[in-house]
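Comments concern the structure below.
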Amino acid sequence: MKTDYGADGEIHIEGLWCQRGSRSVLEGVDLRASRGETVALIGPSGGGKSSLLRCLNGLNSFQRGAIRIGGDPLLPHGKTPNGVLKRVRTRLGMIFQDYRLFPHLNVLANVMEGPLSVLGSTVHEARVLAEKLLDRVGLGQFAKARPESLSGGQQQRVAIARALAMKPIGLLCDEITAALDPQLKGEVLSLLEDLRCDGLALLMVTHEIGFARRAADKVVILDGGKIIEEGTAEEVLDRPRSERSRDFLKKVMA
Amino acid sequence: MKKPLPQLLALGLFFLGIAAAPAQGQGTQDPIIWGADKEGGGPYLFIGPEGGLIGYELEIIQALEKQLNRKIEFRQYDFASLIPGLSKGDIAIAMNGLEITPERRSQVLFTRPYYIYRQQLVARKDEKRFDSYKASLKVPGLKYGTMESTAAERLLRQDGIDPATYPAPTEAYRELALGRIDAVVLDLPMATFYAKKDPKLTFLSEPFAPGEYAIALAKNHETLRGDLNLAIGNLIASGQLKAILEKWDLWDDAQAGLANEDGMGGLTVQDQSWNLSSYLPMLLKGTAVTIALTLCSFALAVGLGLPLALIRVYGPAPLKFLAICHIEFFRGIPVYILLLLVYFGLPELWSVLNLPPFVAAVIGLGLNYSAYEAEIYRSALQSVPAGQWEAALSLGMDRVKAFRRIILPQAFKVALPPMTGDLVALFKDTSIASAISLVELNKQYQILAKSSNKFMEIGLMTALIYLVLSVPLGWLSRRLEETWGHGDEN
């Protein structure tokens with residue numbers, strides 16, 4: 001399921017400033033992610049990780065800086081034209097900590113909803129794709145089930161299938177295993193490791209240091225709205241340069 | 001054996017006391033309770049400009065008080081309920097322009113008549129289609145109005161006419177002047193009092209269909225009737241009654257018949273006998289009006305309620321304020337007053353807003369319920385978590401699409417049970433439309449029950465009709481809840 005978005009199939013962030021009320025949550029963040037690359041965003045809570053993800057698909061607006069998604073620029077102050085915003089949002093799927101499946105639709109219809117209402121697919125196309133994706137996340141037999149009848153891990157896998165149905169270039173994952181029991185975390189994380197091979201850019205806000213070490217091509221520590229550490233998993237996790245990074249890692253790995 | 005004497009004495013005194021009690025009471029007899037409806041209006045009994053009760057019947061009552069040397073106390077009583085009120089014992093006499101009919105005669109006693117009434121046809125000045133009651137019967141589609149539970153209503157029904165009925169003559173003449181109806185048939189005293197001075201109205205032809213007003217009493221009040229008959233006889237013989245009637249512009253040649261103690265004997269208006277086949281068609285007609293009124297009002301309420309809720313939840317501040325004003329206003333004022341405002345009030349502002357009763361009722365009930373629906377939808381919309389919006393937007397939906405495909409279906413599920421509850425409540429609330437002369441099921445029941453005095457039989461029938469309709473409605477609401485709550489869309 002490769003989709004050609006041209007040469008610039010990438011996520012660019014440059015000098016991003018984001019203010020919520022009088023508090024600035026991001027203070028000049030630069031970051032790049034390419035297709036097939038997994039970036040783990042870690043750091044203390046309130047450090048700006050979630051805000052960064054939400055700026056990327058326009059759920060939060062930002063005040064200064066530049067964001068380009070697959071060549072399309074997002075404009076500050078929520079001034080991005082609707083057409084561009086829609087294109088950006090179809091290119092970046094978002095997965096939430098609390099799944100947010102549509103409770104009035106069954107599992108299959110949840111996955112079909114995006115292609116049907118946004119991409120203009122026919123019912124047949126949407127159904128074939130959704131069935132394929134449900135098989136891909138290992139839930140083919142639950143197509144007719146109501147979302148609330150599934151376990152948390154299963155619901156999160158449906159949410160991933162729902163995002164994949166839009167044929168995105170990347171997924172924004174906002175602490176997607178934080179609400180899951182340890183044994184359910186595994187099924188979601190291993191699914192994500194698989195997806196990397198499909199050429200997706202994965203931006204993951206996570207507290208799973210083990211997962212970051214195993215699967216991330218790049219690990220970024222965000223603290224106080226700034227990137228205080230950036231590099232490969234070994235560089236960041238084993239040889240952090242700043243004192244604040246060392247303090248943070250000591251706490252989470254203890 | 002000395003002891004019993006004082007005891008016997010005491011006992012004897014005790015019995016003497018009991019025997020003396022009624023004799024004592026005769027000097028200060030209880031007042032006679034007189035039931036009448038001051039809302040029925042002039043010239044019978046009404047509130048005068050100074051705020052007190054006036055009316056020619058009050059003056060007759062005062063003359064009777066003197067004749068009987070006994071106090072007669074007024075009690076306000078709904079005109080259409082006077083006869084049942086006598087049977088219940090709430091009132092001892094009823095005097096309120098009450099016509100003698102064989103049907104009433106079978107339920108209550110009547111004194112000798114104190115006034116001979118006739119019917120007067122009143123139309124608008126510019127009326128060209130008819131010049132008498134007989135001629136009016138030949139004009140197709142003519143709308144008649146009258147007061148409920150009157151001889152005029154019976155006369156019209158007897159001639160195959162289904163008139164609009166009002167609780168008071170003022171409303172009938174007002175509707176006539178507004179052009180909502182074409183002719184009013186009512187007793188001459190009312191016509192003289194209300195319609196004669198209205199420049200827009202005119203009396204057509206001579207009064208017709210005479211009948212008698214008399215005082216009604218419960219069946220066991222023979223003695224009082226005898227006293228009253230003597231007293232009325234005295235008022236007639238002494239010319240006092242004539243003086244009162246002349247003062248009120250009511251004396252005419254027809255009153256000569258009052259001298260005859262037994263009255264006219266015969267009646268121009270025949271009695272109807274009531275059975276299932278005579279009242280059921282009328283009840284069903286009322287039912288059809290009730291159903292139509294419920295559905296139309298609810299459609300209006302939902303049609304207004306949804307945009308109101310949307311504005312209230314998502315709209316800009318000034319519009320939001322207006323929506324809140326609408327909701328609070330129409331939720332805050334009694335629907336009864338709202339109906340009167342729409343039906344009687346609006347034409348005062350602008351004659352084009354002279355709405356038929358059905359339309360006015362739909363607007364009044366619809367506006368009232370739109371406030372309730374808006375609040376149901378608001379809380380339903382707010383019950384959908386904000387995360388559902390973000391999930392929908394993240395898929396690339398615009399806000400309209402996200403609302404239509406994701407938020408609305410979830411909110412609808414939440415709103416459905418209270419909505420169907422409101423539908424049932426509205427179904428029952430439609431009965432209030434009788435206030436603006438719309439004859440729906442409840443009003444039809446009142447008319448039929450009061451005309452036939454079969455409150456129980458027709459009441460049970462009416463209740464049955466309401467049940468037959470509201471039970472399936474409840475069943476439907478449960479079915480809808482199940483379908484929307486657990487069904488699969490694929």
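Labels for the structure tokens follow display order: chains A, B, ..., residues from 1 in each chain, ligands from 1.
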
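For region 303-308 of chain B, the residues within 7 Å (counting only C-alpha atoms, excluding itself and residues fewer than 5 positions away along the chain) are Ala323, Ser370, Ala371, Glu373, Ala374 and Tyr377 of chain B.
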
Put those residues in a file: C-alpha atoms, as a PDB file, in the first residue's frame.
```pdb
ATOM      1  CA  ALA B 323     -31.172  31.520  21.264  1.00  0.00           C
ATOM      2  CA  SER B 370     -39.108  24.051  20.572  1.00  0.00           C
ATOM      3  CA  ALA B 371     -37.606  25.369  23.821  1.00  0.00           C
ATOM      4  CA  GLU B 373     -36.423  20.197  22.308  1.00  0.00           C
ATOM      5  CA  ALA B 374     -33.571  22.712  22.080  1.00  0.00           C
ATOM      6  CA  TYR B 377     -30.528  18.535  21.896  1.00  0.00           C
TER       7      TYR B 377
END
```

Mind dumping a table of every chain A residue within 8 Å of chain B, with the nearest atom pair and its distance in Å to one decimal, using only C-alpha atoms, sorted by chain and rising number, as a Markdown table?
```
| residue | atom | partner | partner_atom | distance |
| --- | --- | --- | --- | --- |
| A:Asn57 | CA | B:Ser394 | CA | 7.1 |
| A:Leu59 | CA | B:Glu390 | CA | 7.2 |
| A:Asn82 | CA | B:Asp398 | CA | 7.9 |
| A:Leu85 | CA | B:Gly396 | CA | 7.6 |
| A:Lys86 | CA | B:Gly396 | CA | 4.7 |
| A:Arg87 | CA | B:Gly396 | CA | 7.1 |
| A:Val88 | CA | B:Gly396 | CA | 7.8 |
| A:Arg89 | CA | B:Gly396 | CA | 4.9 |
| A:Thr90 | CA | B:Gly396 | CA | 5.4 |
| A:Gly93 | CA | B:Ser394 | CA | 6.7 |
| A:Met94 | CA | B:Ser394 | CA | 6.2 |
| A:Arg100 | CA | B:Gln388 | CA | 6.2 |
| A:Leu101 | CA | B:Ala391 | CA | 7.7 |
| A:Phe102 | CA | B:Ile406 | CA | 7.0 |
| A:Pro103 | CA | B:Gln410 | CA | 7.6 |
| A:His104 | CA | B:Gln410 | CA | 6.1 |
| A:Leu105 | CA | B:Glu489 | CA | 6.6 |
| A:Asn106 | CA | B:Asp488 | CA | 6.5 |
| A:Ala109 | CA | B:Asn490 | CA | 6.8 |
| A:Gly114 | CA | B:Leu395 | CA | 5.9 |
| A:Ser117 | CA | B:Met397 | CA | 7.2 |
| A:Val118 | CA | B:Met397 | CA | 5.9 |
| A:Lys144 | CA | B:Asp488 | CA | 7.6 |
| A:Ala163 | CA | B:Leu395 | CA | 7.1 |
| A:Met166 | CA | B:Leu395 | CA | 7.4 |
```

Could you give me, as a CSV table (one decimal) with C-alpha atoms, in the first residue's frame, each residue of region 210-441 of chain B that DSSP assigns to alpha helix (DSSP H) when run on this structure's backbone?
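Below is the file that was written, out_3.csv:
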```
chain,number,residue,atom,x,y,z
B,222,GLU,CA,-89.2,21.0,45.9
B,223,THR,CA,-90.0,23.3,48.8
B,224,LEU,CA,-87.5,25.9,47.7
B,225,ARG,CA,-88.9,25.7,44.2
B,226,GLY,CA,-92.3,26.4,45.5
B,227,ASP,CA,-91.1,29.5,47.3
B,228,LEU,CA,-89.1,30.7,44.3
B,229,ASN,CA,-92.2,30.2,42.0
B,230,LEU,CA,-94.3,32.3,44.3
B,231,ALA,CA,-91.5,35.0,44.5
B,232,ILE,CA,-91.1,35.1,40.8
B,233,GLY,CA,-94.9,35.3,40.4
B,234,ASN,CA,-94.9,38.3,42.7
B,235,LEU,CA,-92.1,40.0,40.8
B,236,ILE,CA,-94.0,39.5,37.5
B,237,ALA,CA,-97.4,40.7,39.0
B,238,SER,CA,-95.8,43.8,40.7
B,240,GLN,CA,-90.6,44.6,39.3
B,241,LEU,CA,-89.3,42.1,36.8
B,242,LYS,CA,-90.5,44.2,33.9
B,243,ALA,CA,-88.6,47.2,35.4
B,244,ILE,CA,-85.4,45.2,35.7
B,245,LEU,CA,-85.7,43.8,32.1
B,246,GLU,CA,-86.5,47.3,30.7
B,247,LYS,CA,-83.5,48.8,32.5
B,276,LEU,CA,-72.3,5.5,21.3
B,277,SER,CA,-73.2,5.9,17.6
B,278,SER,CA,-74.1,9.5,18.1
B,279,TYR,CA,-71.0,10.6,20.0
B,280,LEU,CA,-68.3,8.2,18.7
B,281,PRO,CA,-68.0,9.9,15.3
B,282,MET,CA,-67.6,13.2,17.0
B,283,LEU,CA,-64.9,11.9,19.3
B,284,LEU,CA,-63.1,10.3,16.4
B,285,LYS,CA,-63.2,13.6,14.6
B,286,GLY,CA,-61.7,15.3,17.7
B,287,THR,CA,-59.1,12.5,17.8
B,288,ALA,CA,-58.0,13.3,14.2
B,289,VAL,CA,-57.6,16.9,15.1
B,290,THR,CA,-55.5,15.9,18.1
B,291,ILE,CA,-53.2,13.7,16.1
B,292,ALA,CA,-52.7,16.2,13.4
B,293,LEU,CA,-52.1,18.9,16.0
B,294,THR,CA,-49.5,16.7,17.8
B,295,LEU,CA,-47.6,15.8,14.6
B,296,CYS,CA,-47.5,19.4,13.2
B,297,SER,CA,-46.5,21.0,16.5
B,298,PHE,CA,-43.8,18.4,17.1
B,299,ALA,CA,-42.4,18.9,13.6
B,300,LEU,CA,-42.2,22.6,14.2
B,301,ALA,CA,-40.7,22.0,17.7
B,302,VAL,CA,-38.0,19.7,16.3
B,303,GLY,CA,-37.4,21.9,13.3
B,304,LEU,CA,-36.8,25.0,15.5
B,305,GLY,CA,-35.2,23.1,18.4
B,306,LEU,CA,-32.3,21.6,16.5
B,307,PRO,CA,-31.0,24.9,15.0
B,308,LEU,CA,-31.5,26.6,18.4
B,309,ALA,CA,-29.4,23.9,20.1
B,310,LEU,CA,-26.7,24.2,17.4
B,311,ILE,CA,-26.6,28.0,17.9
B,312,ARG,CA,-26.6,27.6,21.6
B,313,VAL,CA,-23.7,25.1,21.6
B,314,TYR,CA,-21.6,26.2,18.6
B,317,ALA,CA,-22.0,35.0,21.2
B,318,PRO,CA,-24.8,37.4,20.0
B,319,LEU,CA,-26.7,34.6,18.3
B,320,LYS,CA,-26.2,32.4,21.3
B,321,PHE,CA,-27.7,35.1,23.4
B,322,LEU,CA,-30.8,35.3,21.2
B,323,ALA,CA,-31.2,31.5,21.3
B,324,ILE,CA,-31.1,31.5,25.1
B,325,CYS,CA,-33.7,34.3,25.1
B,326,HIS,CA,-35.9,32.3,22.8
B,327,ILE,CA,-35.5,29.1,24.9
B,328,GLU,CA,-36.1,30.9,28.3
B,329,PHE,CA,-39.0,32.9,27.0
B,330,PHE,CA,-41.0,30.1,25.5
B,331,ARG,CA,-40.1,27.7,28.3
B,332,GLY,CA,-41.0,30.3,30.9
B,335,VAL,CA,-48.5,27.6,27.0
B,336,TYR,CA,-52.1,28.7,27.7
B,337,ILE,CA,-51.1,32.3,27.6
B,338,LEU,CA,-48.9,31.8,24.6
B,339,LEU,CA,-51.9,30.4,22.7
B,340,LEU,CA,-54.1,33.3,23.6
B,346,LEU,CA,-51.4,39.0,17.1
B,347,PRO,CA,-54.5,40.1,15.1
B,348,GLU,CA,-54.6,43.2,17.4
B,349,LEU,CA,-51.1,44.1,16.2
B,357,PRO,CA,-57.2,28.2,15.3
B,358,PHE,CA,-55.3,25.1,14.1
B,359,VAL,CA,-52.4,27.1,12.7
B,360,ALA,CA,-52.3,29.3,15.9
B,361,ALA,CA,-52.3,26.2,18.0
B,362,VAL,CA,-49.4,24.6,16.0
B,363,ILE,CA,-47.4,27.8,16.3
B,364,GLY,CA,-48.1,28.2,20.1
B,365,LEU,CA,-47.4,24.5,21.0
B,366,GLY,CA,-44.5,24.3,18.5
B,367,LEU,CA,-42.8,27.4,20.0
B,368,ASN,CA,-43.3,26.1,23.5
B,369,TYR,CA,-41.9,22.7,22.7
B,370,SER,CA,-39.1,24.1,20.6
B,371,ALA,CA,-37.6,25.4,23.8
B,372,TYR,CA,-37.8,21.9,25.4
B,373,GLU,CA,-36.4,20.2,22.3
B,374,ALA,CA,-33.6,22.7,22.1
B,375,GLU,CA,-32.6,21.9,25.6
B,376,ILE,CA,-32.7,18.2,25.0
B,377,TYR,CA,-30.5,18.5,21.9
B,378,ARG,CA,-28.1,20.9,23.7
B,379,SER,CA,-27.5,18.4,26.5
B,380,ALA,CA,-27.3,15.5,24.0
B,381,LEU,CA,-24.8,17.4,21.9
B,382,GLN,CA,-22.7,18.2,24.9
B,383,SER,CA,-22.8,14.6,26.1
B,386,ALA,CA,-14.9,16.4,22.6
B,387,GLY,CA,-12.5,13.6,21.6
B,388,GLN,CA,-15.0,12.4,19.1
B,389,TRP,CA,-14.7,15.8,17.3
B,390,GLU,CA,-10.9,15.5,17.3
B,391,ALA,CA,-11.0,11.9,16.0
B,392,ALA,CA,-13.4,12.9,13.2
B,393,LEU,CA,-11.3,16.1,12.3
B,394,SER,CA,-8.1,14.0,12.4
B,399,ARG,CA,-16.7,20.4,10.9
B,400,VAL,CA,-20.0,20.0,9.1
B,401,LYS,CA,-19.2,16.5,8.0
B,402,ALA,CA,-17.9,15.6,11.4
B,408,LEU,CA,-25.2,14.0,15.4
B,409,PRO,CA,-25.8,10.2,15.3
B,410,GLN,CA,-24.4,9.8,18.8
B,411,ALA,CA,-26.3,12.8,20.2
B,412,PHE,CA,-29.5,11.6,18.5
B,413,LYS,CA,-29.3,8.3,20.4
B,414,VAL,CA,-29.0,10.3,23.6
B,415,ALA,CA,-31.9,12.6,22.7
B,416,LEU,CA,-34.3,10.0,21.5
B,417,PRO,CA,-35.8,8.8,24.8
B,418,PRO,CA,-36.5,12.3,26.1
B,419,MET,CA,-37.8,13.3,22.7
B,420,THR,CA,-40.4,10.5,22.5
B,421,GLY,CA,-41.3,11.4,26.1
B,422,ASP,CA,-41.9,14.9,24.9
B,423,LEU,CA,-44.0,13.6,22.0
B,424,VAL,CA,-46.3,11.8,24.5
B,425,ALA,CA,-46.5,14.9,26.7
B,426,LEU,CA,-47.3,17.1,23.7
B,427,PHE,CA,-49.9,14.7,22.6
B,428,LYS,CA,-51.6,15.3,26.0
B,429,ASP,CA,-50.9,19.0,26.0
B,441,LEU,CA,-60.4,15.3,21.5
```

- Item | Picked from region 123-172 of chain B by DSSP as strand (DSSP E), as a count of residues only | 9
